[in-house]
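As provided, structure_3.txt (compact mmCIF, C-alpha atoms) reads as follows.
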# COMPACT_ATOMS: atom_id res chain seq x y z
CA MET Y 1 0.63 -18.90 37.87
CA ASN Y 2 -3.07 -18.14 37.35
CA ILE Y 3 -2.82 -15.29 39.84
CA LYS Y 4 0.03 -13.71 37.81
CA ILE Y 5 -1.98 -14.03 34.59
CA VAL Y 6 -5.03 -12.43 36.19
CA ALA Y 7 -2.88 -9.65 37.66
CA GLY Y 8 -1.31 -9.03 34.26
CA LYS Y 9 -4.69 -8.84 32.55
CA THR Y 10 -5.99 -6.50 35.26
CA LYS Y 11 -3.01 -4.21 34.80
CA GLU Y 12 -3.54 -4.20 31.01
CA SER Y 13 -7.21 -3.36 31.49
CA ILE Y 14 -6.35 -0.47 33.81
CA PHE Y 15 -3.84 1.04 31.38
CA GLU Y 16 -6.23 0.51 28.49
CA ALA Y 17 -8.90 2.41 30.40
CA VAL Y 18 -6.43 5.22 31.23
CA PHE Y 19 -5.37 5.57 27.58
CA PHE Y 20 -8.99 5.50 26.43
CA ALA Y 21 -9.90 8.20 28.95
CA ALA Y 22 -7.01 10.38 27.75
CA ALA Y 23 -8.07 9.99 24.12
CA ALA Y 24 -11.71 10.64 25.00
CA PHE Y 25 -10.76 13.78 26.94
CA SER Y 26 -8.88 15.13 23.92
CA ILE Y 27 -11.84 14.49 21.63
CA ILE Y 28 -14.31 15.99 24.09
CA ALA Y 29 -12.14 19.10 24.48
CA VAL Y 30 -12.09 19.64 20.71
CA LEU Y 31 -15.83 19.08 20.47
CA LEU Y 32 -16.52 21.58 23.28
CA ILE Y 33 -14.36 24.21 21.59
CA CYS Y 34 -16.17 23.63 18.28
CA LEU Y 35 -19.54 23.78 20.02
CA PHE Y 36 -18.69 27.06 21.77
CA LEU Y 37 -17.40 28.68 18.58
CA PHE Y 38 -20.23 27.64 16.31
CA VAL Y 39 -23.05 28.22 18.81
CA ASN Y 40 -21.85 31.77 19.50
CA GLY Y 41 -20.44 32.60 16.08
CA ILE Y 42 -23.02 31.36 13.57
CA PRO Y 43 -25.86 33.57 14.92
CA ALA Y 44 -23.62 36.62 14.54
CA MET Y 45 -22.92 35.72 10.92
CA LYS Y 46 -26.66 35.45 10.31
CA LYS Y 47 -27.29 38.87 11.87
CA ILE Y 48 -24.53 40.54 9.89
CA GLY Y 49 -24.95 38.47 6.74
CA VAL Y 50 -22.49 35.72 5.82
CA PHE Y 51 -21.41 37.44 2.61
CA ASP Y 52 -21.12 40.87 4.26
CA PHE Y 53 -19.18 39.38 7.15
CA ILE Y 54 -16.66 37.35 5.15
CA PHE Y 55 -16.27 39.64 2.13
CA GLY Y 56 -16.99 43.00 3.75
CA LEU Y 57 -14.18 45.54 3.37
CA LYS Y 58 -14.86 47.69 6.43
CA TRP Y 59 -14.49 46.83 10.11
CA LYS Y 60 -16.09 49.61 12.10
CA PRO Y 61 -17.91 48.24 15.17
CA GLY Y 62 -19.11 51.73 16.09
CA SER Y 63 -21.03 51.89 12.79
CA ASP Y 64 -22.13 48.23 12.93
CA LEU Y 65 -19.85 47.34 10.01
CA TYR Y 66 -18.21 43.95 10.52
CA GLY Y 67 -16.32 42.98 7.39
CA ILE Y 68 -13.33 40.72 8.01
CA PHE Y 69 -12.05 40.35 4.44
CA PRO Y 70 -9.09 42.73 5.08
CA MET Y 71 -8.09 40.53 8.04
CA ILE Y 72 -8.41 37.37 5.94
CA VAL Y 73 -6.17 38.90 3.29
CA GLY Y 74 -3.75 40.11 5.96
CA SER Y 75 -3.53 36.64 7.52
CA PHE Y 76 -2.92 35.09 4.10
CA TYR Y 77 -0.18 37.58 3.18
CA VAL Y 78 1.65 37.24 6.48
CA THR Y 79 1.39 33.43 6.51
CA PHE Y 80 2.46 33.10 2.88
CA GLY Y 81 5.42 35.38 3.50
CA ALA Y 82 6.42 33.43 6.60
CA VAL Y 83 6.39 30.14 4.67
CA LEU Y 84 8.30 31.78 1.83
CA PHE Y 85 11.02 32.74 4.31
CA GLY Y 86 10.90 29.79 6.67
CA ALA Y 87 10.31 26.73 4.48
CA PRO Y 88 13.46 26.88 2.28
CA ILE Y 89 15.75 27.83 5.17
CA GLY Y 90 14.20 25.23 7.47
CA LEU Y 91 14.40 22.47 4.86
CA MET Y 92 18.03 23.20 3.97
CA THR Y 93 18.94 23.34 7.66
CA ALA Y 94 17.26 19.97 8.23
CA VAL Y 95 19.17 18.45 5.30
CA PHE Y 96 22.42 19.83 6.68
CA LEU Y 97 21.77 18.49 10.18
CA ALA Y 98 20.69 15.05 8.96
CA LYS Y 99 23.26 14.37 6.24
CA PHE Y 100 26.10 16.90 6.20
CA CYS Y 101 26.70 18.12 9.75
CA SER Y 102 29.60 16.78 11.81
CA GLU Y 103 28.84 15.24 15.18
CA LYS Y 104 30.59 18.01 17.15
CA LEU Y 105 28.76 20.78 15.29
CA TYR Y 106 25.47 18.89 15.61
CA LYS Y 107 25.79 18.89 19.40
CA VAL Y 108 25.89 22.69 19.26
CA LEU Y 109 23.29 23.39 16.56
CA LYS Y 110 20.58 20.99 17.72
CA PRO Y 111 20.26 22.44 21.26
CA ALA Y 112 20.32 25.94 19.78
CA ILE Y 113 17.35 25.09 17.54
CA GLU Y 114 15.50 23.56 20.49
CA ILE Y 115 16.09 26.75 22.48
CA LEU Y 116 14.74 28.73 19.53
CA ALA Y 117 11.54 26.68 19.74
CA GLY Y 118 11.14 27.46 23.44
CA ILE Y 119 11.40 31.25 23.20
CA PRO Y 120 8.02 32.87 24.05
CA SER Y 121 6.26 34.65 21.21
CA VAL Y 122 6.26 37.94 23.12
CA VAL Y 123 10.07 37.81 23.17
CA TYR Y 124 10.08 37.30 19.41
CA GLY Y 125 7.72 40.24 19.13
CA PHE Y 126 9.95 42.43 21.30
CA PHE Y 127 12.97 41.47 19.18
CA GLY Y 128 11.04 42.34 16.03
CA LEU Y 129 9.89 45.65 17.49
CA MET Y 130 13.36 46.68 18.67
CA VAL Y 131 15.50 45.28 15.83
CA ILE Y 132 13.59 44.37 12.68
CA VAL Y 133 11.13 47.29 12.66
CA PRO Y 134 13.88 49.98 12.94
CA PHE Y 135 15.89 48.15 10.26
CA MET Y 136 12.92 48.11 7.89
CA ARG Y 137 12.23 51.78 8.66
CA ASN Y 138 15.80 52.80 7.85
CA VAL Y 139 16.10 50.69 4.70
CA PHE Y 140 12.64 50.94 3.10
CA GLY Y 141 11.09 53.96 4.80
CA GLY Y 142 7.67 54.13 6.43
CA ASN Y 143 7.15 53.17 10.05
CA GLY Y 144 8.63 49.66 9.65
CA SER Y 145 5.54 47.84 10.92
CA CYS Y 146 4.34 46.03 7.83
CA ILE Y 147 3.66 42.71 6.11
CA PHE Y 148 7.33 42.16 5.27
CA THR Y 149 8.39 42.63 8.90
CA ALA Y 150 5.69 40.31 10.23
CA SER Y 151 6.48 37.68 7.59
CA LEU Y 152 10.18 37.78 8.40
CA LEU Y 153 9.53 37.44 12.12
CA LEU Y 154 7.03 34.60 11.67
CA GLY Y 155 9.45 32.90 9.29
CA MET Y 156 11.97 32.85 12.14
CA MET Y 157 9.36 31.50 14.56
CA ILE Y 158 8.32 28.54 12.39
CA LEU Y 159 11.91 27.46 11.68
CA PRO Y 160 12.24 25.09 14.68
CA THR Y 161 9.05 23.23 13.74
CA ILE Y 162 10.02 22.78 10.09
CA ILE Y 163 13.61 21.83 10.94
CA SER Y 164 12.72 19.25 13.60
CA VAL Y 165 9.98 17.49 11.63
CA SER Y 166 11.93 17.54 8.35
CA GLU Y 167 15.07 16.21 10.00
CA SER Y 168 13.11 13.35 11.58
CA ALA Y 169 11.56 12.55 8.19
CA LEU Y 170 14.98 12.44 6.54
CA ARG Y 171 16.45 10.21 9.24
CA ALA Y 172 13.47 7.85 8.86
CA VAL Y 173 14.33 7.14 5.21
CA PRO Y 174 16.10 3.74 4.94
CA GLU Y 175 19.83 3.99 4.28
CA SER Y 176 19.35 1.59 1.36
CA TYR Y 177 18.06 4.56 -0.66
CA TYR Y 178 21.35 6.36 -0.13
CA ASP Y 179 23.45 3.24 -0.66
CA GLY Y 180 21.61 2.41 -3.87
CA ALA Y 181 22.13 5.90 -5.27
CA ARG Y 182 25.82 5.80 -4.37
CA ALA Y 183 26.18 2.38 -5.97
CA LEU Y 184 24.81 3.82 -9.19
CA GLY Y 185 27.54 6.46 -9.19
CA ALA Y 186 25.76 9.41 -7.55
CA THR Y 187 27.73 11.85 -5.43
CA HIS Y 188 26.88 12.33 -1.78
CA GLU Y 189 24.95 15.52 -2.53
CA ARG Y 190 23.06 13.97 -5.43
CA ALA Y 191 22.16 10.88 -3.40
CA VAL Y 192 20.75 13.05 -0.63
CA PHE Y 193 18.80 15.48 -2.79
CA CYS Y 194 17.65 13.08 -5.53
CA ALA Y 195 17.04 9.88 -3.56
CA MET Y 196 16.49 10.60 0.13
CA LEU Y 197 14.81 14.01 -0.04
CA PRO Y 198 11.97 12.86 -2.36
CA ALA Y 199 11.41 9.81 -0.15
CA ALA Y 200 10.94 12.08 2.88
CA LYS Y 201 8.61 14.57 1.16
CA SER Y 202 5.55 13.43 3.12
CA GLY Y 203 7.19 14.18 6.46
CA ILE Y 204 8.67 17.41 5.13
CA LEU Y 205 5.24 18.52 3.96
CA ALA Y 206 3.89 17.72 7.43
CA GLY Y 207 6.52 19.99 8.97
CA ILE Y 208 5.61 22.83 6.62
CA ILE Y 209 1.90 22.39 7.38
CA LEU Y 210 2.64 22.54 11.11
CA GLY Y 211 4.63 25.68 10.48
CA VAL Y 212 1.71 27.17 8.57
CA GLY Y 213 -0.57 26.32 11.50
CA ARG Y 214 1.68 28.18 13.92
CA ALA Y 215 2.01 31.16 11.57
CA VAL Y 216 -1.77 31.41 11.14
CA GLY Y 217 -2.43 31.14 14.88
CA GLU Y 218 0.35 33.46 16.09
CA THR Y 219 -0.95 36.59 17.78
CA MET Y 220 1.33 38.49 20.15
CA ALA Y 221 4.36 38.80 17.88
CA VAL Y 222 2.19 39.83 14.93
CA ILE Y 223 0.40 42.50 16.96
CA MET Y 224 3.75 44.06 17.87
CA VAL Y 225 5.17 44.33 14.33
CA ALA Y 226 2.36 44.16 11.73
CA GLY Y 227 0.88 47.62 12.13
CA ASN Y 228 -2.67 46.40 12.95
CA GLN Y 229 -4.43 48.34 10.19
CA ALA Y 230 -7.76 46.82 9.14
CA ARG Y 231 -7.42 47.43 5.42
CA ILE Y 232 -6.36 45.59 2.29
CA PRO Y 233 -2.71 46.53 1.71
CA ASP Y 234 -1.35 47.52 -1.70
CA SER Y 235 2.26 46.77 -0.77
CA VAL Y 236 4.26 44.43 1.45
CA LEU Y 237 5.54 47.56 3.21
CA LYS Y 238 2.05 48.44 4.44
CA GLY Y 239 0.56 47.45 7.78
CA VAL Y 240 -2.12 44.79 8.14
CA ARG Y 241 -4.30 43.23 10.81
CA THR Y 242 -4.64 39.46 11.02
CA LEU Y 243 -7.66 37.49 12.22
CA THR Y 244 -6.00 36.56 15.51
CA ALA Y 245 -4.85 40.13 16.15
CA ASN Y 246 -8.35 41.41 15.47
CA ILE Y 247 -9.78 39.13 18.16
CA VAL Y 248 -7.17 39.92 20.80
CA LEU Y 249 -7.14 43.69 20.26
CA GLU Y 250 -10.89 44.15 20.70
CA MET Y 251 -12.19 41.26 22.80
CA GLY Y 252 -11.35 43.04 26.07
CA TYR Y 253 -13.98 45.76 25.60
CA ALA Y 254 -16.37 44.24 23.03
CA THR Y 255 -20.02 43.69 23.93
CA GLY Y 256 -23.17 42.59 22.17
CA LEU Y 257 -22.92 42.03 18.43
CA HIS Y 258 -19.34 43.26 18.44
CA ARG Y 259 -18.31 40.44 20.77
CA GLU Y 260 -20.30 37.89 18.77
CA ALA Y 261 -18.60 39.10 15.58
CA LEU Y 262 -15.18 38.51 17.17
CA ILE Y 263 -16.22 34.98 18.10
CA ALA Y 264 -17.43 34.50 14.51
CA THR Y 265 -13.95 35.62 13.42
CA GLY Y 266 -12.63 32.72 15.49
CA VAL Y 267 -14.99 30.41 13.59
CA VAL Y 268 -13.53 31.58 10.27
CA LEU Y 269 -10.01 31.09 11.62
CA PHE Y 270 -10.90 27.61 12.86
CA VAL Y 271 -12.37 26.64 9.48
CA PHE Y 272 -9.33 28.09 7.73
CA ILE Y 273 -6.92 25.91 9.74
CA LEU Y 274 -9.22 22.90 9.33
CA LEU Y 275 -9.15 23.32 5.54
CA ILE Y 276 -5.36 23.48 5.58
CA ASN Y 277 -5.19 20.20 7.51
CA LEU Y 278 -7.75 18.53 5.24
CA LEU Y 279 -5.80 19.66 2.18
CA PHE Y 280 -2.64 18.17 3.64
CA ASN Y 281 -4.39 14.87 4.36
CA MET Y 282 -5.77 14.77 0.83
CA ILE Y 283 -2.32 15.36 -0.66
CA LYS Y 284 -0.76 12.78 1.65
CA THR Y 285 -3.43 10.17 0.84
CA LYS Y 286 -3.11 10.81 -2.87
CA LYS Y 287 0.65 10.33 -2.75
File written out as structure tokens:
Amino acid sequence: MNIKIVAGKTKESIFEAVFFAAAAFSIIAVLLICLFLFVNGIPAMKKIGVFDFIFGLKWKPGSDLYGIFPMIVGSFYVTFGAVLFGAPIGLMTAVFLAKFCSEKLYKVLKPAIEILAGIPSVVYGFFGLMVIVPFMRNVFGGNGSCIFTASLLLGMMILPTIISVSESALRAVPESYYDGARALGATHERAVFCAMLPAAKSGILAGIILGVGRAVGETMAVIMVAGNQARIPDSVLKGVRTLTANIVLEMGYATGLHREALIATGVVLFVFILLINLLFNMIKTKK
């Protein structure tokens, strides 16, 4: 009996050490990434000037002008547009799947959404380049590669994330919420939207934040449809360059201060995503 107890404790200790090592590896990986970014990026900001780097309007490496404000604005426009497209559609789809969809239809729709999540971003980009860009060109004029096109494509890409997380949040709400609303005379629709949906708002917000994170960090699809013009646009039908696109397009041949400025762009992007996550945590804690 004592041998079994000792063996059980030994096994628990081994698994505890394995789980601790996995957690420590994740933390160390994040710390190493942060260390690399800040060690290589902060000196570049000092050389260029923090204000000139973040709020500068011109990006011309050949003239030693490294202003990333147009890329910051471009990233914000494209991400905001993607959420504007993706969040309402994703939320309504999640509500339908969780509370209105029949079992037979669910067996078809759920795998389709999972497949949508597994499509590589370059395939999305190719679809946008071959289908959405010509459509935008024919309907609105211009070359079709613009903020609106990129936002629409990114809105499609973040749908699986928002749908999956929001559906899980809705299914996690106790059925007593629904039963109580129905007992008070509410219709099925009113019980879902007025009782269950508010109760799941924390999880729904988490899904939207994850979608924002993917939209901000997306690169390949945006490069293919956004126009890649390093300027502040005056219309949603104008091309833009995002922070991620700026890094990918020029990192292959950049050297010296140019390369350091691209790494500093990664620092700004990292801080931007970190602020989004902190804001979400603050909202969640407050609620």
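For the choices Y:Arg231, Y:Lys201, Y:Arg214, Y:Arg241, the atom-to-atom distance to Leu154 of chain Y is smallest for Y:Arg214 when using only C-alpha atoms.
The spacing separating atom CA of Val83 of chain Y from atom CA of Cys146 of chain Y amounts to 16.3 Å.
The closest residue to Asn40 of chain Y, picked from Y:Gly203, Y:Phe69, Y:Phe272, Y:His258 and counting all atoms listed in the file, is Y:His258.
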Residues near Pro198 of chain Y, anyone? I mean within 12 Å using all atoms listed in the file, not counting same-chain ones fewer than 4 positions away, as a PDB file with C-alpha atoms, in the coordinates of the input.
ATOM      1  CA  VAL Y  95      19.170  18.450   5.300  1.00  0.00           C
ATOM      2  CA  SER Y 166      11.930  17.540   8.350  1.00  0.00           C
ATOM      3  CA  ALA Y 169      11.560  12.550   8.190  1.00  0.00           C
ATOM      4  CA  LEU Y 170      14.980  12.440   6.540  1.00  0.00           C
ATOM      5  CA  VAL Y 173      14.330   7.140   5.210  1.00  0.00           C
ATOM      6  CA  TYR Y 177      18.060   4.560  -0.660  1.00  0.00           C
ATOM      7  CA  TYR Y 178      21.350   6.360  -0.130  1.00  0.00           C
ATOM      8  CA  ARG Y 190      23.060  13.970  -5.430  1.00  0.00           C
ATOM      9  CA  ALA Y 191      22.160  10.880  -3.400  1.00  0.00           C
ATOM     10  CA  VAL Y 192      20.750  13.050  -0.630  1.00  0.00           C
ATOM     11  CA  PHE Y 193      18.800  15.480  -2.790  1.00  0.00           C
ATOM     12  CA  CYS Y 194      17.650  13.080  -5.530  1.00  0.00           C
ATOM     13  CA  SER Y 202       5.550  13.430   3.120  1.00  0.00           C
ATOM     14  CA  GLY Y 203       7.190  14.180   6.460  1.00  0.00           C
ATOM     15  CA  ILE Y 204       8.670  17.410   5.130  1.00  0.00           C
ATOM     16  CA  LEU Y 205       5.240  18.520   3.960  1.00  0.00           C
ATOM     17  CA  LYS Y 287       0.650  10.330  -2.750  1.00  0.00           C
TER      18      LYS Y 287
END
Within 12 Å of Phe36 of chain Y, counting all atoms listed in the file, which residues show up once you throw out same-chain ones fewer than 3 positions away? Write them as a PyMOL selection string, please.
chain Y and resi 29-33+39-43+260+263-264+266-267+270
Kindly export the residues of the current selection with C-alpha atoms, as a PDB file, in the frame of the given file.
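Now in part.pdb:
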ATOM      1  CA  ALA Y  29     -12.140  19.100  24.480  1.00  0.00           C
ATOM      2  CA  VAL Y  30     -12.090  19.640  20.710  1.00  0.00           C
ATOM      3  CA  LEU Y  31     -15.830  19.080  20.470  1.00  0.00           C
ATOM      4  CA  LEU Y  32     -16.520  21.580  23.280  1.00  0.00           C
ATOM      5  CA  ILE Y  33     -14.360  24.210  21.590  1.00  0.00           C
ATOM      6  CA  VAL Y  39     -23.050  28.220  18.810  1.00  0.00           C
ATOM      7  CA  ASN Y  40     -21.850  31.770  19.500  1.00  0.00           C
ATOM      8  CA  GLY Y  41     -20.440  32.600  16.080  1.00  0.00           C
ATOM      9  CA  ILE Y  42     -23.020  31.360  13.570  1.00  0.00           C
ATOM     10  CA  PRO Y  43     -25.860  33.570  14.920  1.00  0.00           C
ATOM     11  CA  GLU Y 260     -20.300  37.890  18.770  1.00  0.00           C
ATOM     12  CA  ILE Y 263     -16.220  34.980  18.100  1.00  0.00           C
ATOM     13  CA  ALA Y 264     -17.430  34.500  14.510  1.00  0.00           C
ATOM     14  CA  GLY Y 266     -12.630  32.720  15.490  1.00  0.00           C
ATOM     15  CA  VAL Y 267     -14.990  30.410  13.590  1.00  0.00           C
ATOM     16  CA  PHE Y 270     -10.900  27.610  12.860  1.00  0.00           C
TER      17      PHE Y 270
END
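Compared by their closest atoms to Gly67 of chain Y, and using only C-alpha atoms, the residues Y:Ile158, Y:Ile209, Y:Ile223, Y:Ala261 rank with Y:Ala261 nearest.
A straight line drawn from atom CA of Ser151 of chain Y to atom CA of Gly252 of chain Y is 26.2 Å long.
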Here's a test: counting all atoms listed in the file, identify every protein, DNA and RNA residue with an atom at most 10 Å from (8.3, 20.9, 8.2) in the file's coordinate frame, and state them as an NGL selection string.
:Y and (86-88 or 90-91 or 94 or 158-169 or 201-212)
Could you write out the selected residues, including C-alpha atoms, as an mmCIF file, keeping the file's coordinate frame?
data_model
loop_
_atom_site.group_PDB
_atom_site.id
_atom_site.type_symbol
_atom_site.label_atom_id
_atom_site.label_comp_id
_atom_site.auth_asym_id
_atom_site.auth_seq_id
_atom_site.Cartn_x
_atom_site.Cartn_y
_atom_site.Cartn_z
ATOM 1 C CA GLY Y 86 10.900 29.790 6.670
ATOM 2 C CA ALA Y 87 10.310 26.730 4.480
ATOM 3 C CA PRO Y 88 13.460 26.880 2.280
ATOM 4 C CA GLY Y 90 14.200 25.230 7.470
ATOM 5 C CA LEU Y 91 14.400 22.470 4.860
ATOM 6 C CA ALA Y 94 17.260 19.970 8.230
ATOM 7 C CA ILE Y 158 8.320 28.540 12.390
ATOM 8 C CA LEU Y 159 11.910 27.460 11.680
ATOM 9 C CA PRO Y 160 12.240 25.090 14.680
ATOM 10 C CA THR Y 161 9.050 23.230 13.740
ATOM 11 C CA ILE Y 162 10.020 22.780 10.090
ATOM 12 C CA ILE Y 163 13.610 21.830 10.940
ATOM 13 C CA SER Y 164 12.720 19.250 13.600
ATOM 14 C CA VAL Y 165 9.980 17.490 11.630
ATOM 15 C CA SER Y 166 11.930 17.540 8.350
ATOM 16 C CA GLU Y 167 15.070 16.210 10.000
ATOM 17 C CA SER Y 168 13.110 13.350 11.580
ATOM 18 C CA ALA Y 169 11.560 12.550 8.190
ATOM 19 C CA LYS Y 201 8.610 14.570 1.160
ATOM 20 C CA SER Y 202 5.550 13.430 3.120
ATOM 21 C CA GLY Y 203 7.190 14.180 6.460
ATOM 22 C CA ILE Y 204 8.670 17.410 5.130
ATOM 23 C CA LEU Y 205 5.240 18.520 3.960
ATOM 24 C CA ALA Y 206 3.890 17.720 7.430
ATOM 25 C CA GLY Y 207 6.520 19.990 8.970
ATOM 26 C CA ILE Y 208 5.610 22.830 6.620
ATOM 27 C CA ILE Y 209 1.900 22.390 7.380
ATOM 28 C CA LEU Y 210 2.640 22.540 11.110
ATOM 29 C CA GLY Y 211 4.630 25.680 10.480
ATOM 30 C CA VAL Y 212 1.710 27.170 8.570
#
Please report the interatomic distance between atom CA of Phe100 of chain Y and atom CA of Leu184 of chain Y in Å with one decimal.
20.2 Å
Fewer than 2 positions away in the same chain doesn't count, so skip those; otherwise give me all residues within 9 Å of Tyr66 of chain Y, counting all atoms listed in the file, as a PyMOL selection string.
chain Y and resi 48+52-54+56-61+63-64+68+258+261
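Counting only C-alpha atoms, the residue from Y:Asn228, Y:Thr79, Y:Thr255, Y:Thr93 that sits nearest to Gly155 of chain Y is Y:Thr79.
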Find, counting only C-alpha atoms, the residue in Y:Ala98, Y:Ile89, Y:Ala221, Y:Ile147 that gets nearest to Val240 of chain Y.
Y:Ile147
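Proximity to Met136 of chain Y was assessed for Y:Val216, Y:Leu237, Y:Ile113, Y:Glu103 counting only C-alpha atoms; the smallest distance is recorded for Y:Leu237.
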Do you know which residues are at most 12 Å from segment 121-124 of chain Y counting all atoms listed in the file, after dropping those on the same chain fewer than 3 positions away, and could you put them as a PyMOL selection string?
chain Y and resi 116-118+127-132+149-150+152-158+214-215+217-225
With 6 Å of padding per side, what axis-aligned box (centre and edge lengths, Å, one decimal) covers all the listed atoms of segment 169-178 of chain Y? Give it as lines of an AutoDock Vina configuration file.
center_x = 16.5
center_y = 7.1
center_z = 4.3
size_x = 21.8
size_y = 23.0
size_z = 21.9
